[in-house]
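Participant: One structure, as C-alpha cells, below. Some questions next.
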Amino acid sequence: MIRLGTRRSKLATAQSTLVADQLRALGHEVELVLITTTGDVNRAPIEQIGGTGIFVSALRDALLAGEIDIAVHSLKDLPTTPVDELTLGAIPVREDPRDVLVARDGLTLGELPRGALIGTGAARRVAQLDALGLGLECTGIRGNVDTRIGMVTDGKLDAVVLARAGLSRLGRLAEVTETLDPIQVLPAPGQGALAIECRADDTDILAALAPLDDPATRAAVTAERQLLATLEAGCTAPVGALAEVVEGEDGTELWLRGALGQSDGVRRLSANGPVDDPVSLGKALANELLERT
C-alpha cells in the first residue's frame, strides 16, 4: 500500500487522485492521507505567514516521519532549496501552464474598463498586468477556486486571474473568459506541473514512481526553478518563467523565457540551451536579468 499525502482542498485532492489513479493503473494499491498545512488554515497574505513552503511543510514533515510514502504538490509551491532526505521521484506530464482570466460578462482583459478591479494575490501577476498599461486595479485575495470565482459572480470583483491547470483539473474551464498569452503574463516557475516527492532512500517507491516521470517536463521546470533560485526569489516575488522543449536548428533544445518585475516595469528576456543542462540555462538567463536591472 502506498500512502499518498495530500492537502485537503478540492484542487489538491483532485490532483492527488490523478496521481493515485495512475499508480493504481500500474498495479499499486494507494491510500490518500489528508493533511492540513499552514496555508490551508491561515488566510493572511502569503508573505506574512512564511511565503514559500507554507503549503508543503506539513506534507514534508509527514514524509520525514514515515507517516506517508509520497506527497503530491503543485510544483510552483515547492521551495527551490532541496531537503537532503527527500527527492522528486516523478514530475508527470505538465498541464497547460498559462494563467487565465475569469471575468464578469464574459469579458477579456482588453475589454475590461479602466479602473476594473482584478483579484490576484501574486506579485508576479500584478507586476505584469500593470506593465500592460490597461489601467486595471489589482487587489490581493486568498482562498480556494470557489471563493475566488465567487468574488466575481457576487460582483465584488470584475475579474480574477487563476492558473488554467487548476481549473482544468477541477473541470471548470468553461468559466474561463480568456487564456492569457505568456507574451502578456508569464506564469509562475513550475506552474501547471505536479511534483511527487518521496524519501530519497525509498528505492521501492522510487521504482513505482519512475513510469510517471516526464523528462521534457522535468527539464523545463528545472530551468524555470533554477532561474528563480538564482534570482534568490520566493514564490511571492514578481518572477515569471516558462521553458519549453522545442525543435531548433541543431535539433531539440530548451527555450526559456523569464520576467522580473521592477519598480519601473518588467524586464523580459529569453534564451535557449541544451535539454540535458537546464540548470545552466536557468542560471544564465537569471544572471542576464540581474545585469539589466
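Following the order of the C-alpha cells, chains are lettered A, B, ..., residues in each are numbered from 1, and ligands are numbered from 1.
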Against stretch 74-92 of chain A, which residues of stretch 166-235 of chain A fall within 10 Å? For each one I want the closest pair of atoms and the distance in Å (one decimal), counting only C-alpha atoms, rows by chain and increasing residue number, as JSON lines.

Facilitator:
```
{"residue": "A:Gly166", "atom": "CA", "partner": "A:Ser74", "partner_atom": "CA", "distance": 9.4}
{"residue": "A:Pro187", "atom": "CA", "partner": "A:Lys76", "partner_atom": "CA", "distance": 9.7}
{"residue": "A:Ala188", "atom": "CA", "partner": "A:Lys76", "partner_atom": "CA", "distance": 6.6}
{"residue": "A:Pro189", "atom": "CA", "partner": "A:Lys76", "partner_atom": "CA", "distance": 5.9}
{"residue": "A:Gly190", "atom": "CA", "partner": "A:Lys76", "partner_atom": "CA", "distance": 4.7}
{"residue": "A:Gln191", "atom": "CA", "partner": "A:Lys76", "partner_atom": "CA", "distance": 5.2}
{"residue": "A:Gly192", "atom": "CA", "partner": "A:Ser74", "partner_atom": "CA", "distance": 7.5}
{"residue": "A:Ala193", "atom": "CA", "partner": "A:Leu75", "partner_atom": "CA", "distance": 5.6}
{"residue": "A:Leu194", "atom": "CA", "partner": "A:Ser74", "partner_atom": "CA", "distance": 4.8}
{"residue": "A:Ala195", "atom": "CA", "partner": "A:Ile91", "partner_atom": "CA", "distance": 5.0}
{"residue": "A:Ile196", "atom": "CA", "partner": "A:Ala90", "partner_atom": "CA", "distance": 5.2}
{"residue": "A:Glu197", "atom": "CA", "partner": "A:Leu88", "partner_atom": "CA", "distance": 4.4}
{"residue": "A:Cys198", "atom": "CA", "partner": "A:Leu86", "partner_atom": "CA", "distance": 5.7}
{"residue": "A:Arg199", "atom": "CA", "partner": "A:Leu86", "partner_atom": "CA", "distance": 4.5}
{"residue": "A:Ala200", "atom": "CA", "partner": "A:Leu86", "partner_atom": "CA", "distance": 4.8}
{"residue": "A:Asp201", "atom": "CA", "partner": "A:Glu85", "partner_atom": "CA", "distance": 7.6}
{"residue": "A:Asp202", "atom": "CA", "partner": "A:Leu86", "partner_atom": "CA", "distance": 9.4}
{"residue": "A:Thr203", "atom": "CA", "partner": "A:Gly89", "partner_atom": "CA", "distance": 9.9}
{"residue": "A:Ile205", "atom": "CA", "partner": "A:Gly89", "partner_atom": "CA", "distance": 8.0}
{"residue": "A:Leu206", "atom": "CA", "partner": "A:Gly89", "partner_atom": "CA", "distance": 5.6}
{"residue": "A:Ala207", "atom": "CA", "partner": "A:Gly89", "partner_atom": "CA", "distance": 8.6}
{"residue": "A:Ala208", "atom": "CA", "partner": "A:Gly89", "partner_atom": "CA", "distance": 8.9}
{"residue": "A:Leu209", "atom": "CA", "partner": "A:Ala90", "partner_atom": "CA", "distance": 5.8}
{"residue": "A:Ala210", "atom": "CA", "partner": "A:Ala90", "partner_atom": "CA", "distance": 6.2}
{"residue": "A:Pro211", "atom": "CA", "partner": "A:Ala90", "partner_atom": "CA", "distance": 8.1}
{"residue": "A:Leu212", "atom": "CA", "partner": "A:Pro92", "partner_atom": "CA", "distance": 5.4}
{"residue": "A:Asp213", "atom": "CA", "partner": "A:Ala90", "partner_atom": "CA", "distance": 4.4}
{"residue": "A:Asp214", "atom": "CA", "partner": "A:Pro92", "partner_atom": "CA", "distance": 5.1}
{"residue": "A:Pro215", "atom": "CA", "partner": "A:Ile91", "partner_atom": "CA", "distance": 8.0}
{"residue": "A:Ala216", "atom": "CA", "partner": "A:Pro92", "partner_atom": "CA", "distance": 9.5}
{"residue": "A:Thr217", "atom": "CA", "partner": "A:Ile91", "partner_atom": "CA", "distance": 6.9}
{"residue": "A:Arg218", "atom": "CA", "partner": "A:Ile91", "partner_atom": "CA", "distance": 6.0}
{"residue": "A:Ala219", "atom": "CA", "partner": "A:Ile91", "partner_atom": "CA", "distance": 9.8}
{"residue": "A:Val221", "atom": "CA", "partner": "A:Leu75", "partner_atom": "CA", "distance": 8.5}
{"residue": "A:Thr222", "atom": "CA", "partner": "A:Thr80", "partner_atom": "CA", "distance": 9.7}
{"residue": "A:Glu224", "atom": "CA", "partner": "A:Lys76", "partner_atom": "CA", "distance": 9.9}
{"residue": "A:Arg225", "atom": "CA", "partner": "A:Thr80", "partner_atom": "CA", "distance": 6.4}
{"residue": "A:Gln226", "atom": "CA", "partner": "A:Thr80", "partner_atom": "CA", "distance": 7.6}
{"residue": "A:Leu227", "atom": "CA", "partner": "A:Thr80", "partner_atom": "CA", "distance": 9.9}
{"residue": "A:Leu228", "atom": "CA", "partner": "A:Thr80", "partner_atom": "CA", "distance": 7.6}
{"residue": "A:Ala229", "atom": "CA", "partner": "A:Thr80", "partner_atom": "CA", "distance": 5.9}
{"residue": "A:Thr230", "atom": "CA", "partner": "A:Thr80", "partner_atom": "CA", "distance": 9.6}
{"residue": "A:Glu232", "atom": "CA", "partner": "A:Thr80", "partner_atom": "CA", "distance": 9.2}
{"residue": "A:Ala233", "atom": "CA", "partner": "A:Thr80", "partner_atom": "CA", "distance": 9.0}
{"residue": "A:Gly234", "atom": "CA", "partner": "A:Pro79", "partner_atom": "CA", "distance": 7.2}
{"residue": "A:Cys235", "atom": "CA", "partner": "A:Asp77", "partner_atom": "CA", "distance": 7.0}
```

Participant: Go ahead and dump the residues you just picked, N, CA and C atoms, as a compact mmCIF listing (two decimals), in the first residue's frame.

Facilitator:
```txt
# COMPACT_ATOMS: atom_id res chain seq x y z
N GLY A 166 -5.24 24.42 -12.76
CA GLY A 166 -6.13 24.10 -11.66
C GLY A 166 -7.58 23.99 -12.09
N PRO A 187 3.75 32.73 -16.66
CA PRO A 187 3.30 32.02 -15.46
C PRO A 187 4.40 31.92 -14.40
N ALA A 188 4.02 31.43 -13.22
CA ALA A 188 4.99 31.19 -12.16
C ALA A 188 5.89 30.02 -12.55
N PRO A 189 7.15 30.03 -12.12
CA PRO A 189 8.02 28.87 -12.38
C PRO A 189 7.39 27.59 -11.86
N GLY A 190 7.30 26.59 -12.74
CA GLY A 190 6.71 25.31 -12.35
C GLY A 190 5.21 25.24 -12.45
N GLN A 191 4.54 26.33 -12.83
CA GLN A 191 3.07 26.33 -12.85
C GLN A 191 2.55 25.28 -13.82
N GLY A 192 1.51 24.59 -13.42
CA GLY A 192 0.89 23.56 -14.25
C GLY A 192 1.47 22.16 -14.04
N ALA A 193 2.61 22.10 -13.35
CA ALA A 193 3.25 20.79 -13.12
C ALA A 193 3.00 20.31 -11.71
N LEU A 194 2.96 19.00 -11.55
CA LEU A 194 2.86 18.37 -10.24
C LEU A 194 4.21 17.80 -9.85
N ALA A 195 4.49 17.82 -8.56
CA ALA A 195 5.72 17.23 -8.03
C ALA A 195 5.34 16.10 -7.08
N ILE A 196 5.88 14.93 -7.32
CA ILE A 196 5.63 13.79 -6.44
C ILE A 196 6.91 13.55 -5.64
N GLU A 197 6.85 13.88 -4.36
CA GLU A 197 8.03 13.83 -3.51
C GLU A 197 8.00 12.57 -2.65
N CYS A 198 9.19 12.03 -2.40
CA CYS A 198 9.30 10.85 -1.55
C CYS A 198 10.65 10.88 -0.82
N ARG A 199 10.85 9.91 0.07
CA ARG A 199 12.14 9.82 0.76
C ARG A 199 13.20 9.34 -0.23
N ALA A 200 14.36 9.98 -0.18
CA ALA A 200 15.42 9.71 -1.16
C ALA A 200 15.94 8.28 -1.10
N ASP A 201 15.81 7.62 0.06
CA ASP A 201 16.34 6.26 0.20
C ASP A 201 15.28 5.17 0.03
N ASP A 202 14.08 5.55 -0.39
CA ASP A 202 12.98 4.58 -0.54
C ASP A 202 13.00 4.03 -1.96
N THR A 203 13.82 3.02 -2.18
CA THR A 203 14.03 2.51 -3.53
C THR A 203 12.77 1.90 -4.14
N ILE A 205 9.61 2.83 -3.62
CA ILE A 205 8.72 3.91 -4.05
C ILE A 205 9.30 4.61 -5.28
N LEU A 206 10.60 4.82 -5.30
CA LEU A 206 11.22 5.44 -6.48
C LEU A 206 10.98 4.60 -7.73
N ALA A 207 11.05 3.29 -7.60
CA ALA A 207 10.79 2.41 -8.74
C ALA A 207 9.33 2.50 -9.18
N ALA A 208 8.42 2.62 -8.21
CA ALA A 208 7.00 2.72 -8.53
C ALA A 208 6.68 4.03 -9.24
N LEU A 209 7.38 5.10 -8.87
CA LEU A 209 7.11 6.42 -9.44
C LEU A 209 7.76 6.63 -10.80
N ALA A 210 8.81 5.90 -11.11
CA ALA A 210 9.59 6.13 -12.32
C ALA A 210 8.75 6.20 -13.60
N PRO A 211 7.74 5.34 -13.79
CA PRO A 211 6.96 5.41 -15.03
C PRO A 211 6.14 6.69 -15.18
N LEU A 212 5.92 7.40 -14.08
CA LEU A 212 5.11 8.62 -14.12
C LEU A 212 5.92 9.85 -14.52
N ASP A 213 7.24 9.74 -14.52
CA ASP A 213 8.09 10.91 -14.77
C ASP A 213 8.14 11.24 -16.26
N ASP A 214 8.03 12.54 -16.58
CA ASP A 214 8.11 13.01 -17.96
C ASP A 214 9.38 13.83 -18.12
N PRO A 215 10.38 13.33 -18.86
CA PRO A 215 11.67 14.02 -18.96
C PRO A 215 11.58 15.44 -19.49
N ALA A 216 10.70 15.69 -20.48
CA ALA A 216 10.58 17.04 -21.05
C ALA A 216 10.04 18.02 -20.02
N THR A 217 9.04 17.60 -19.25
CA THR A 217 8.50 18.46 -18.20
C THR A 217 9.55 18.71 -17.14
N ARG A 218 10.28 17.66 -16.74
CA ARG A 218 11.31 17.83 -15.71
C ARG A 218 12.38 18.82 -16.17
N ALA A 219 12.81 18.73 -17.41
CA ALA A 219 13.82 19.65 -17.92
C ALA A 219 13.31 21.08 -17.90
N VAL A 221 10.81 22.53 -16.09
CA VAL A 221 10.60 23.13 -14.77
C VAL A 221 11.91 23.27 -14.00
N THR A 222 12.89 22.42 -14.30
CA THR A 222 14.20 22.56 -13.66
C THR A 222 14.84 23.88 -14.08
N GLU A 224 13.23 26.59 -15.11
CA GLU A 224 12.45 27.68 -14.52
C GLU A 224 12.78 27.87 -13.05
N ARG A 225 12.88 26.78 -12.31
CA ARG A 225 13.15 26.87 -10.88
C ARG A 225 14.59 27.30 -10.60
N GLN A 226 15.50 26.95 -11.49
CA GLN A 226 16.87 27.42 -11.32
C GLN A 226 16.95 28.92 -11.55
N LEU A 227 16.20 29.42 -12.51
CA LEU A 227 16.13 30.87 -12.71
C LEU A 227 15.63 31.54 -11.44
N LEU A 228 14.57 31.00 -10.86
CA LEU A 228 14.00 31.55 -9.64
C LEU A 228 15.02 31.49 -8.50
N ALA A 229 15.69 30.36 -8.34
CA ALA A 229 16.66 30.20 -7.26
C ALA A 229 17.83 31.17 -7.42
N THR A 230 18.29 31.35 -8.64
CA THR A 230 19.42 32.24 -8.89
C THR A 230 19.05 33.69 -8.60
N GLU A 232 17.32 34.48 -6.28
CA GLU A 232 17.11 34.50 -4.83
C GLU A 232 15.72 34.98 -4.48
N ALA A 233 14.76 34.47 -5.25
CA ALA A 233 13.37 34.90 -5.06
C ALA A 233 12.54 33.75 -4.54
N GLY A 234 11.44 34.08 -3.87
CA GLY A 234 10.48 33.08 -3.43
C GLY A 234 9.24 33.14 -4.29
N CYS A 235 8.22 32.38 -3.94
CA CYS A 235 7.02 32.31 -4.77
C CYS A 235 6.23 33.61 -4.75
```

Participant: Report as number ranges by chain all protein, DNA and RNA residues lying within 8 Å of A:Gly265, evaluated on only C-alpha atoms, omitting residues in the same chain fewer than 2 positions from it.

Facilitator: A: 127, 131, 261-263, 267

Participant: Could you tell me which of A:Val275, A:Leu18, A:Leu186, A:Val245 comes closest to A:Pro97 if we count only C-alpha atoms?

Facilitator: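 Looking at the shortest contact to A:Pro97, the residue is A:Leu186.
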
Participant: Between A:Arg8, A:Leu109, A:Val102, A:Val152, which is the closest to A:Leu173 once you count only C-alpha atoms?

Facilitator: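 That would be A:Val102, the residue with the smallest distance to A:Leu173.
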
Participant: So which one's closest to A:Pro113, A:Asp277, A:Glu288, A:Glu175, A:Asp158? Using only C-alpha atoms, please.

Facilitator: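 That would be A:Asp158, the residue with the smallest distance to A:Pro113.
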
Participant: Pull the strand (DSSP E or B) assignments for stretch 139-230 of chain A out of DSSP run on the backbone, and list those residues as a ChimeraX atom specification.

Facilitator: /A:139,159-163,178-179,194-199

Participant: Considering only C-alpha atoms, can you say which of A:Leu285, A:Leu170, A:Asp69, A:Leu132 comes closest to A:Thr13?

Facilitator: A:Leu170

Participant: DSSP on the backbone: what in stretch 68-242 of chain A comes out helix (DSSP H, G or I), as a PyMOL selection string?

Facilitator: chain A and resi 75-77+104-106+109-111+123-131+145-153+164-169+173-175+203-212+215-230

Participant: In Å, how far is it from atom CA of A:Arg114 to atom CA of A:Asp146?

Facilitator: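 The value is 25.9 Å.
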